[in-house]
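**Q** I have a structure here, written as structure tokens, and I will follow up with some questions on it.
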Amino acid sequence: MSGHRFGMEGVMGVGGGMISAESQRNLEIAETLCNRRKPEQALPYLFKAMEDENNLDAFIQFAFLHHIPEGVKVLEDAERKGRASLKRHLGNDCFDDSGQYVGSFYQVLTTRPYMRVLQAQVRLYFENQQYTKSVKTIVEMLRLCPGDNMGQRTPLGSMLVLAERYSDALSFCQTWLDPDRPSIIPLGGTTFKTPSSTCYNAEVESKILKRGSGAMAYNAAVAAFKVFGDGDLARQYLRIAAMLNPIVLTKILAKIDKPKSLNDLPRTLNGPGDAQDYLYLTQDVWMKDDVWEWANASQEARDNVIKVCSNSACEAIETKVAQFKRCAACKKVSYTAKR
């Protein structure tokens with residue numbers, strides 16, 4: 001909630017100086033109190049900060065202090081205020097495809113608080129199970145800034161699956177998994193063309209395994225299963241996903257409870273943090289009987305998560321996923337027993 005404290009906004013002020021110094025001071029006090037888990041003490045400062053309607057970050061913070069349905073309404077009001085403010089500052093055409101800003105929105109400091117409102121809306125729409133609105137909001141974010149400075153492409157795949165837009169989910173994931181895609185994809189890949197039913201050849205699969213996103217591959221797998229059924233394409237995506245991030249499939253097949261929150265800590269691509277985020281957003285889809293049974297029946301995918309005992313004198317093989325205990329320190333070696 002305090003992204004405005006870093007980079008150029010940390011130097012020039014929120015939105016490049018769009019709000020008063022007094023409003024920003026009150027916001028920062030409120031955020032500090034919220035971080036210390038003192039929301040009731042933060043409220044008076046938030047109310048003062050929101051007297052400046054350009055202080056959209058104050059509205060974001062305020063929204064997250066409400067119950068989710070009320071928070072959604074707060075953010076929708078903030079979005080309207082932010083859109084009107086940007087039109088006053090940048091011109092009435094600032095949201096038009098033909099204008100000078102669409103396509104590089106986030107590069108303009110003035111737009112960043114508004115983009116943070118959209119990002120917050122995605123989160124609360126998801127929490128409120130309004131997946132279609134989450135999709136619509138991310139699509140708009142990628143229209144405004146296809147470079148995806150806000151990192152919304154990964155959750156979009158999950159939101160499309162949750163909204164049961166499986167064909168669009170597969171098309172989107174195929175676009176982003178393509179190892180030869182341009183650095184900036186038009187509209188952030190949200191043109192949603194008819195998805196391909198063709199499997200990757202060995203060369204392309206190898207490239208994806210070097211730098212592909214496990215989350216994209218998992219969403220492609222479940223979407224391909226829903227669109228084309230239990231065929232070679234869905235199985236290939238599941239195998240690729242399991243190789244990129246085996247943590248996800250391990251927790252799914254072991255029926256481990258899904259995470260209680262997103263990961264807020266730094267992470268590496270396809271590491272435990274990415275797995276936590278993906279499972280928080282999408283695990284419910286994988287736990288449905290048809291999807292789980294399909295994934296569990298894929299021996300190729302299971303081979304990437306079944307462990308061999310790390311005791312050289314044992315070398316037993318798991319008969320079910322997550323059967324062996326893992327080392328509590330490194331979490332990389334598995335044993336049939338505590339010793």
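Convention: chains lettered A, B, ... in structure tokens order; per-chain residue numbering from 1; ligands numbered from 1 as shown.
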Residues near segment 145-154 of chain A, anyone? I mean within 10 Å using only C-alpha atoms, not counting same-chain ones fewer than 2 positions away, as a PDB file with N, CA, C and O atoms, in the first residue's frame.
**A**
ATOM      1  N   TYR A 101      -1.031   9.039 -24.291  1.00  0.00           N
ATOM      2  CA  TYR A 101      -0.665   8.365 -23.049  1.00  0.00           C
ATOM      3  C   TYR A 101      -0.951   6.864 -23.046  1.00  0.00           C
ATOM      4  O   TYR A 101      -0.205   6.092 -22.436  1.00  0.00           O
ATOM      5  N   VAL A 102      -2.033   6.444 -23.695  1.00  0.00           N
ATOM      6  CA  VAL A 102      -2.384   5.028 -23.686  1.00  0.00           C
ATOM      7  C   VAL A 102      -1.267   4.224 -24.358  1.00  0.00           C
ATOM      8  O   VAL A 102      -0.829   4.537 -25.464  1.00  0.00           O
ATOM      9  N   GLY A 103      -0.829   3.199 -23.675  1.00  0.00           N
ATOM     10  CA  GLY A 103       0.292   2.390 -24.149  1.00  0.00           C
ATOM     11  C   GLY A 103       1.530   2.596 -23.317  1.00  0.00           C
ATOM     12  O   GLY A 103       2.423   1.753 -23.290  1.00  0.00           O
ATOM     13  N   SER A 104       1.607   3.716 -22.621  1.00  0.00           N
ATOM     14  CA  SER A 104       2.766   3.995 -21.753  1.00  0.00           C
ATOM     15  C   SER A 104       2.305   4.727 -20.493  1.00  0.00           C
ATOM     16  O   SER A 104       2.994   5.612 -19.991  1.00  0.00           O
ATOM     17  N   PHE A 105       1.139   4.365 -20.013  1.00  0.00           N
ATOM     18  CA  PHE A 105       0.492   5.085 -18.919  1.00  0.00           C
ATOM     19  C   PHE A 105       1.376   5.177 -17.684  1.00  0.00           C
ATOM     20  O   PHE A 105       1.535   6.244 -17.094  1.00  0.00           O
ATOM     21  N   TYR A 106       1.937   4.052 -17.291  1.00  0.00           N
ATOM     22  CA  TYR A 106       2.663   4.024 -16.016  1.00  0.00           C
ATOM     23  C   TYR A 106       3.930   4.869 -16.060  1.00  0.00           C
ATOM     24  O   TYR A 106       4.469   5.237 -15.014  1.00  0.00           O
ATOM     25  N   GLN A 107       4.421   5.184 -17.231  1.00  0.00           N
ATOM     26  CA  GLN A 107       5.630   6.003 -17.336  1.00  0.00           C
ATOM     27  C   GLN A 107       5.368   7.453 -16.943  1.00  0.00           C
ATOM     28  O   GLN A 107       6.302   8.221 -16.716  1.00  0.00           O
ATOM     29  N   ARG A 112       0.182   7.139 -11.825  1.00  0.00           N
ATOM     30  CA  ARG A 112       0.496   5.976 -10.985  1.00  0.00           C
ATOM     31  C   ARG A 112      -0.493   5.748  -9.846  1.00  0.00           C
ATOM     32  O   ARG A 112      -0.845   4.592  -9.574  1.00  0.00           O
ATOM     33  N   MET A 115      -3.376   3.926 -11.363  1.00  0.00           N
ATOM     34  CA  MET A 115      -3.062   2.531 -11.667  1.00  0.00           C
ATOM     35  C   MET A 115      -3.045   1.690 -10.400  1.00  0.00           C
ATOM     36  O   MET A 115      -3.445   0.516 -10.420  1.00  0.00           O
ATOM     37  N   ARG A 116      -2.629   2.263  -9.289  1.00  0.00           N
ATOM     38  CA  ARG A 116      -2.667   1.518  -8.023  1.00  0.00           C
ATOM     39  C   ARG A 116      -4.105   1.257  -7.573  1.00  0.00           C
ATOM     40  O   ARG A 116      -4.397   0.231  -6.958  1.00  0.00           O
ATOM     41  N   LEU A 118      -6.590   0.681  -9.670  1.00  0.00           N
ATOM     42  CA  LEU A 118      -7.010  -0.455 -10.478  1.00  0.00           C
ATOM     43  C   LEU A 118      -6.434  -1.760  -9.932  1.00  0.00           C
ATOM     44  O   LEU A 118      -7.128  -2.785  -9.863  1.00  0.00           O
ATOM     45  N   GLN A 119      -5.175  -1.720  -9.536  1.00  0.00           N
ATOM     46  CA  GLN A 119      -4.547  -2.915  -8.971  1.00  0.00           C
ATOM     47  C   GLN A 119      -5.270  -3.368  -7.698  1.00  0.00           C
ATOM     48  O   GLN A 119      -5.499  -4.567  -7.494  1.00  0.00           O
ATOM     49  N   VAL A 122      -8.556  -5.084  -8.576  1.00  0.00           N
ATOM     50  CA  VAL A 122      -8.365  -6.473  -8.988  1.00  0.00           C
ATOM     51  C   VAL A 122      -8.362  -7.381  -7.763  1.00  0.00           C
ATOM     52  O   VAL A 122      -9.023  -8.429  -7.736  1.00  0.00           O
ATOM     53  N   THR A 137     -10.802  -5.340 -15.292  1.00  0.00           N
ATOM     54  CA  THR A 137      -9.887  -4.327 -14.762  1.00  0.00           C
ATOM     55  C   THR A 137      -8.459  -4.584 -15.218  1.00  0.00           C
ATOM     56  O   THR A 137      -7.741  -3.657 -15.612  1.00  0.00           O
ATOM     57  N   ILE A 138      -8.021  -5.845 -15.192  1.00  0.00           N
ATOM     58  CA  ILE A 138      -6.655  -6.133 -15.643  1.00  0.00           C
ATOM     59  C   ILE A 138      -6.518  -5.872 -17.138  1.00  0.00           C
ATOM     60  O   ILE A 138      -5.484  -5.352 -17.596  1.00  0.00           O
ATOM     61  N   VAL A 139      -7.533  -6.227 -17.910  1.00  0.00           N
ATOM     62  CA  VAL A 139      -7.488  -5.956 -19.356  1.00  0.00           C
ATOM     63  C   VAL A 139      -7.320  -4.460 -19.598  1.00  0.00           C
ATOM     64  O   VAL A 139      -6.541  -4.032 -20.467  1.00  0.00           O
ATOM     65  N   GLU A 140      -8.017  -3.643 -18.826  1.00  0.00           N
ATOM     66  CA  GLU A 140      -7.866  -2.199 -18.957  1.00  0.00           C
ATOM     67  C   GLU A 140      -6.462  -1.752 -18.563  1.00  0.00           C
ATOM     68  O   GLU A 140      -5.857  -0.896 -19.224  1.00  0.00           O
ATOM     69  N   MET A 141      -5.911  -2.347 -17.498  1.00  0.00           N
ATOM     70  CA  MET A 141      -4.546  -1.994 -17.090  1.00  0.00           C
ATOM     71  C   MET A 141      -3.547  -2.321 -18.188  1.00  0.00           C
ATOM     72  O   MET A 141      -2.615  -1.552 -18.452  1.00  0.00           O
ATOM     73  N   LEU A 142      -3.726  -3.456 -18.850  1.00  0.00           N
ATOM     74  CA  LEU A 142      -2.801  -3.840 -19.914  1.00  0.00           C
ATOM     75  C   LEU A 142      -3.026  -3.031 -21.184  1.00  0.00           C
ATOM     76  O   LEU A 142      -2.099  -2.857 -21.982  1.00  0.00           O
ATOM     77  N   ARG A 143      -4.226  -2.533 -21.378  1.00  0.00           N
ATOM     78  CA  ARG A 143      -4.456  -1.604 -22.495  1.00  0.00           C
ATOM     79  C   ARG A 143      -3.703  -0.305 -22.244  1.00  0.00           C
ATOM     80  O   ARG A 143      -3.041   0.239 -23.141  1.00  0.00           O
ATOM     81  N   LEU A 156      -4.070 -12.429 -14.297  1.00  0.00           N
ATOM     82  CA  LEU A 156      -5.120 -12.428 -15.317  1.00  0.00           C
ATOM     83  C   LEU A 156      -5.415 -13.844 -15.803  1.00  0.00           C
ATOM     84  O   LEU A 156      -6.578 -14.216 -15.994  1.00  0.00           O
ATOM     85  N   GLY A 157      -4.375 -14.653 -15.989  1.00  0.00           N
ATOM     86  CA  GLY A 157      -4.614 -16.031 -16.396  1.00  0.00           C
ATOM     87  C   GLY A 157      -5.509 -16.759 -15.411  1.00  0.00           C
ATOM     88  O   GLY A 157      -6.452 -17.471 -15.796  1.00  0.00           O
ATOM     89  N   SER A 158      -5.247 -16.556 -14.126  1.00  0.00           N
ATOM     90  CA  SER A 158      -6.062 -17.197 -13.099  1.00  0.00           C
ATOM     91  C   SER A 158      -7.483 -16.647 -13.092  1.00  0.00           C
ATOM     92  O   SER A 158      -8.457 -17.401 -12.936  1.00  0.00           O
ATOM     93  N   MET A 159      -7.624 -15.335 -13.249  1.00  0.00           N
ATOM     94  CA  MET A 159      -8.966 -14.748 -13.242  1.00  0.00           C
ATOM     95  C   MET A 159      -9.794 -15.242 -14.431  1.00  0.00           C
ATOM     96  O   MET A 159     -10.995 -15.485 -14.306  1.00  0.00           O
ATOM     97  N   PHE A 172      -4.413 -16.442 -23.989  1.00  0.00           N
ATOM     98  CA  PHE A 172      -3.564 -15.483 -23.273  1.00  0.00           C
ATOM     99  C   PHE A 172      -2.269 -16.144 -22.802  1.00  0.00           C
ATOM    100  O   PHE A 172      -1.173 -15.595 -22.985  1.00  0.00           O
ATOM    101  N   CYS A 173      -2.382 -17.333 -22.215  1.00  0.00           N
ATOM    102  CA  CYS A 173      -1.187 -18.011 -21.712  1.00  0.00           C
ATOM    103  C   CYS A 173      -0.268 -18.436 -22.853  1.00  0.00           C
ATOM    104  O   CYS A 173       0.962 -18.364 -22.728  1.00  0.00           O
ATOM    105  N   TRP A 176       1.863 -15.460 -23.825  1.00  0.00           N
ATOM    106  CA  TRP A 176       2.952 -15.123 -22.900  1.00  0.00           C
ATOM    107  C   TRP A 176       3.986 -16.233 -22.761  1.00  0.00           C
ATOM    108  O   TRP A 176       5.142 -15.969 -22.411  1.00  0.00           O
ATOM    109  N   SER A 183       9.024  -8.028 -26.678  1.00  0.00           N
ATOM    110  CA  SER A 183       9.154  -7.582 -25.288  1.00  0.00           C
ATOM    111  C   SER A 183       7.896  -6.851 -24.823  1.00  0.00           C
ATOM    112  O   SER A 183       7.524  -6.918 -23.650  1.00  0.00           O
ATOM    113  N   ILE A 184       7.272  -6.116 -25.742  1.00  0.00           N
ATOM    114  CA  ILE A 184       5.995  -5.467 -25.438  1.00  0.00           C
ATOM    115  C   ILE A 184       4.946  -6.067 -26.363  1.00  0.00           C
ATOM    116  O   ILE A 184       4.997  -5.897 -27.580  1.00  0.00           O
ATOM    117  N   ILE A 185       3.990  -6.772 -25.779  1.00  0.00           N
ATOM    118  CA  ILE A 185       2.939  -7.417 -26.567  1.00  0.00           C
ATOM    119  C   ILE A 185       1.762  -6.454 -26.694  1.00  0.00           C
ATOM    120  O   ILE A 185       1.325  -5.881 -25.692  1.00  0.00           O
ATOM    121  N   PRO A 186       1.251  -6.238 -27.896  1.00  0.00           N
ATOM    122  CA  PRO A 186       0.094  -5.341 -28.049  1.00  0.00           C
ATOM    123  C   PRO A 186      -1.037  -5.700 -27.097  1.00  0.00           C
ATOM    124  O   PRO A 186      -1.417  -6.873 -26.980  1.00  0.00           O
ATOM    125  N   LEU A 187      -1.534  -4.684 -26.393  1.00  0.00           N
ATOM    126  CA  LEU A 187      -2.621  -4.854 -25.420  1.00  0.00           C
ATOM    127  C   LEU A 187      -2.289  -5.879 -24.342  1.00  0.00           C
ATOM    128  O   LEU A 187      -3.172  -6.427 -23.688  1.00  0.00           O
ATOM    129  N   GLY A 188      -1.002  -6.125 -24.157  1.00  0.00           N
ATOM    130  CA  GLY A 188      -0.595  -7.062 -23.122  1.00  0.00           C
ATOM    131  C   GLY A 188      -1.066  -8.480 -23.352  1.00  0.00           C
ATOM    132  O   GLY A 188      -1.177  -9.279 -22.418  1.00  0.00           O
ATOM    133  N   GLY A 189      -1.375  -8.827 -24.596  1.00  0.00           N
ATOM    134  CA  GLY A 189      -1.804 -10.180 -24.925  1.00  0.00           C
ATOM    135  C   GLY A 189      -3.286 -10.430 -24.749  1.00  0.00           C
ATOM    136  O   GLY A 189      -3.726 -11.577 -24.739  1.00  0.00           O
ATOM    137  N   THR A 190      -4.067  -9.363 -24.637  1.00  0.00           N
ATOM    138  CA  THR A 190      -5.500  -9.527 -24.351  1.00  0.00           C
ATOM    139  C   THR A 190      -6.378  -9.437 -25.605  1.00  0.00           C
ATOM    140  O   THR A 190      -7.561  -9.111 -25.514  1.00  0.00           O
ATOM    141  N   SER A 213       6.956 -19.121 -17.288  1.00  0.00           N
ATOM    142  CA  SER A 213       6.258 -18.946 -16.016  1.00  0.00           C
ATOM    143  C   SER A 213       5.455 -20.197 -15.685  1.00  0.00           C
ATOM    144  O   SER A 213       4.605 -20.621 -16.463  1.00  0.00           O
ATOM    145  N   GLY A 214       5.718 -20.762 -14.513  1.00  0.00           N
ATOM    146  CA  GLY A 214       4.959 -21.924 -14.084  1.00  0.00           C
ATOM    147  C   GLY A 214       3.479 -21.625 -13.966  1.00  0.00           C
ATOM    148  O   GLY A 214       2.637 -22.454 -14.329  1.00  0.00           O
ATOM    149  N   ALA A 215       3.145 -20.435 -13.460  1.00  0.00           N
ATOM    150  CA  ALA A 215       1.738 -20.062 -13.307  1.00  0.00           C
ATOM    151  C   ALA A 215       1.033 -20.048 -14.660  1.00  0.00           C
ATOM    152  O   ALA A 215      -0.098 -20.529 -14.800  1.00  0.00           O
ATOM    153  N   MET A 216       1.700 -19.482 -15.683  1.00  0.00           N
ATOM    154  CA  MET A 216       1.110 -19.471 -17.021  1.00  0.00           C
ATOM    155  C   MET A 216       0.913 -20.890 -17.537  1.00  0.00           C
ATOM    156  O   MET A 216      -0.111 -21.219 -18.154  1.00  0.00           O
ATOM    157  N   ASN A 219      -2.058 -22.573 -15.766  1.00  0.00           N
ATOM    158  CA  ASN A 219      -3.331 -22.072 -16.303  1.00  0.00           C
ATOM    159  C   ASN A 219      -3.568 -22.568 -17.720  1.00  0.00           C
ATOM    160  O   ASN A 219      -4.709 -22.878 -18.098  1.00  0.00           O
ATOM    161  N   ASP A 274       6.039 -17.636  -5.754  1.00  0.00           N
ATOM    162  CA  ASP A 274       5.168 -17.745  -6.927  1.00  0.00           C
ATOM    163  C   ASP A 274       4.143 -18.861  -6.730  1.00  0.00           C
ATOM    164  O   ASP A 274       2.966 -18.725  -7.107  1.00  0.00           O
ATOM    165  N   ASP A 277       1.347 -17.659  -4.366  1.00  0.00           N
ATOM    166  CA  ASP A 277       0.405 -16.747  -5.029  1.00  0.00           C
ATOM    167  C   ASP A 277      -0.516 -17.517  -5.973  1.00  0.00           C
ATOM    168  O   ASP A 277      -1.732 -17.280  -6.000  1.00  0.00           O
ATOM    169  N   TYR A 278       0.061 -18.420  -6.752  1.00  0.00           N
ATOM    170  CA  TYR A 278      -0.756 -19.150  -7.723  1.00  0.00           C
ATOM    171  C   TYR A 278      -1.814 -19.994  -7.011  1.00  0.00           C
ATOM    172  O   TYR A 278      -2.985 -20.014  -7.406  1.00  0.00           O
TER     173      TYR A 278
END
**Q** Would you list the contacts of segment 243-254 of chain A as a short mmCIF file (atom, residue, chain, number, x, y, z; two decimals) with C-alpha atoms, in the first residue's frame, taking every protein, DNA or RNA residue within 8 Å and counting only C-alpha atoms, but skipping same-chain residues closer than 6 positions in sequence?
**A**
data_model
loop_
_atom_site.label_atom_id
_atom_site.label_comp_id
_atom_site.auth_asym_id
_atom_site.auth_seq_id
_atom_site.Cartn_x
_atom_site.Cartn_y
_atom_site.Cartn_z
CA LEU A 209 11.47 -24.62 -19.56
CA GLY A 212 8.74 -19.72 -18.77
CA SER A 213 6.26 -18.95 -16.02
CA GLY A 214 4.96 -21.92 -14.08
CA ASN A 270 8.84 -20.23 -10.15
CA GLY A 271 9.94 -20.30 -6.51
CA PRO A 272 7.89 -20.87 -3.33
CA ALA A 275 3.67 -21.09 -5.91
CA GLN A 276 1.94 -19.51 -2.91
CA TYR A 278 -0.76 -19.15 -7.72
CA LEU A 279 -2.34 -21.53 -5.25
CA GLN A 283 -6.14 -23.87 -6.15
CA TRP A 286 -7.63 -27.67 -9.35
CA MET A 287 -9.46 -29.25 -6.44
CA TRP A 292 -7.86 -33.14 -9.80
CA ALA A 295 -3.93 -34.15 -12.99
CA ASN A 296 -3.46 -37.09 -10.62
CA ALA A 301 3.52 -34.86 -14.36
CA ASN A 304 8.26 -34.53 -11.39
CA VAL A 305 6.89 -34.43 -7.85
CA LYS A 320 1.80 -41.04 -3.14
CA VAL A 321 2.68 -37.37 -3.44
CA ALA A 322 4.20 -35.69 -0.34
#
**Q** Can you tell me which residues surround segment 81-83 of chain A at a distance of at most 7 Å, considering only C-alpha atoms, apart from same-chain residues fewer than 4 positions away, and format the answer as a PyMOL selection string?
**A** chain A and resi 54+56+77+87+114
**Q** Kindly indicate which residue among A:Lys207, A:Phe59, A:Thr268, A:Leu160 lies nearest to Ala220 of chain A, using only C-alpha atoms for the distances.
**A**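 Checking each of A:Lys207, A:Phe59, A:Thr268, A:Leu160 against Ala220 of chain A, counting only C-alpha atoms, the winner is A:Leu160.
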**Q** Considering only C-alpha atoms, can you say which of A:Ser85, A:Thr282, A:Ser261, A:Gln236 comes closest to Leu162 of chain A?
**A**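 Closest candidate: A:Thr282.
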**Q** Mind giving me the straight-line distance from atom CA of Glu40 of chain A to atom CA of Glu70 of chain A in Å, one decimal?
**A**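 The value is 16.8 Å.
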**Q** Quick one: pick out all alpha helix (DSSP H) residues within segment 118-335 of chain A from a backbone DSSP run and write them as a ChimeraX atom specification.
**A** /A:118-127,131-144,153-162,166-177,202-211,214-228,232-244,246-253,272-286,289-296,299-302
**Q** Excluding same-chain residues fewer than 5 positions from Ala120 of chain A, what lies within 9 Å of it counting only C-alpha atoms, as a list in words?
**A**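 With the cut-off at 9 Å, the set is Met1, Ile60, Ala63, Phe64, Leu75, Met115 and Tyr125 of chain A.
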**Q** Would you pick out the contacts of Thr194 of chain A at 8 Å or less, using only C-alpha atoms, so that residues sharing its chain but fewer than 3 positions from it are not included, and give the list as a ChimeraX atom specification?
**A** /A:167-168,171
